[in-house]
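Have a look at the structure below before the remarks.
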Amino acid sequence: MLYHLFEYLTENGYDFPGMGLMKYISFRALLATIVALITGLYLAPKIIRKLQKRQIGEEIRDLGLEGQLSKKGTPTMGGIIILLSILVPALLFGDLTNIYVILLIITTIWLGLIGFLDDSIKVFKRNKEGLNGKYKIIGQVTLGLLVGIILCTNDSVTIRERIPSSANESQSEVALYKDVKSTKTNIPFVKDNQFDYSWLAPFKGKAKEITGWGIYILVIIFIITAVSNGTNLTDGMDGLATGTSAIIGTAIGILAYLSGNSIYASYLNMMYIPATGEVVIFMAAFVGALIGFLWYNTFPAQVFMGDTGSLALGGIIAVSAIIIRKELLIPILCGIFFVESISVIVQRLYFKYTKHKYGEGRRVFKMSPLHHHFQKEGIDALIKRPHRAIPEAKIVVRFWIITILLCALSIITLKIR
């Protein structure tokens with residue numbers, strides 16, 4: 001809103017010192033981070049007190065984990081703090097006419113509401129299962145379908161491509177580029193670092209193009225569903241999902257800045273995507289909000305984000321990566337979320353297989369998701385190390401360090417061809 005106010009004042013001839021700063025993405029991103037951080041630090045104590053007053057606390061099952069039962073009654077649904085801290089600076093400093101900003105706002109509210117409904121059922125109806133899993137999936141798939149359709153049909157969603165020079169021999173260098181709608185994306189570790197989803201279509205001509213868009217939408221649905229659920233699974237220790245998401249958000253903000261800058265994109269041989277600079281503003285607010293929340297969520301946590309926060313965080317990460325055409329980097333960029341999800345799938349499949357074969361279910365990990373494997377001891381499993389339980393705070397920090405390394409690797413892939 002402030003961005004549009006300053007734009008209006010500029011167009012109507014008003015001028016005062018510092019007015020032009022609002023045009024710069026870097027300046028607005030810095031403001032968004034600061035405002036998000038301050039908003040989170042201001043709102044958190046008030047919301048925590050209200051949650052405590054209403055006795056909205058976490059129900060804990062005894063799984064034999066060290067320090068687990070001490071968390072019983074800790075206020076949950078703290079994701080409200082994160083969502084408000086993201087939306088306030090995003091609305092203040094973002095370009096609200098930008099289709100990418102609109103999509104990220106929709107994602108935040110949509111998945112936040114699904115998570116809020118899930119938490120409400122757990123807290124107020126005392127139903128530990130929360131919202132039925134199929135309804136969560138329906139909500140995530142619907143959002144993915146909406147995002148996919150908008151990205152495929154909106155005229156503002158383009159990439160900039162070079163026109164073959166043979167067709168422009170008499171034209172200037174400026175005319176050698178055009179903005180086109182495309183199903184192309186970046187693929188890491190290869191020299192010609194673009195992949196087109198239409199290549200997967202078994203048809204030719206117009207049918208190939210339409211099928212390509214259909215495949216692209218299916219990929220978007222899968223990524224949004226997978227990453228939001230992966231973040232939800234990771235939210236099992238104090239500060240784990242919060243800190244991991246903040247690190248990933250920082251990396252995506254850097255990639256969005258490079259992708260939205262024609263000079264840097266050209267130098268790094270990246271796909272230039274017009275108007276994605278505004279994603280930087282949103283991700284700056286995202287990171288600031290998470291740092292503010294981490295003040296109260298780090299060990300020992302005074303508040304948990306619940307599904308209200310975790311589902312929305314995963315959705316924001318997924319949609320922002322899709323927008324800047326870096327979704328194929330997600331297995332590296334969101335490596336912790338990916339491994340946490342795989343650990344749950346492997347554990348369940350192996351347990352069912354061994355139960356069917358031997359009449360008794362066996363485990364690959366001592367416990368899943370993976371972070372609990374390191375916290376558990378005395379369980380017979382294929383993977384027995386570590387033999388002694390590792391303190392929760394140490395596990396969280398080590399997962400943060402791994403995420404930093406994975407994000408650094410993701411950015412390095414820009415130059416590894």
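Scheme for the structure tokens: letters A, B, ... for chains in order shown; per-chain residue numbers from 1; ligand numbers from 1 in order shown.
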For this session: List every residue of segment 189-335 of chain A that DSSP, applied to the backbone, labels as strand (DSSP E or B), and write the result as a list in words.
Result: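 Answer for segment 189-335 of chain A, restricted to strand (DSSP E or B): Gln194, Phe195, Asp196 and Tyr272 of chain A.
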Against segment 242-261 of chain A, which residues of segment 14-58 of chain A fall within 10 Å? For each one I want the closest pair of atoms and the distance in Å (one decimal), counting only C-alpha atoms, rows by chain and increasing residue number, as a tab-separated table.
residue	atom	partner	partner_atom	distance
A:Ile25	CA	A:Tyr257	CA	8.6
A:Ser26	CA	A:Tyr257	CA	9.0
A:Ala29	CA	A:Gly253	CA	9.5
For this session: Tell me, as an MDAnalysis selection string, which residues lie within 10 Å of segment 314-320 of chain A, counting only C-alpha atoms; anything in the same chain fewer than 5 positions away does not count.
Result: chainID A and resid 100:101 103:108 110:112 140 143:144 147:148 220:232 241 245:246 248:249 252:253 256 276 279:280 282:283 286 309 325:327 330 333:334 337
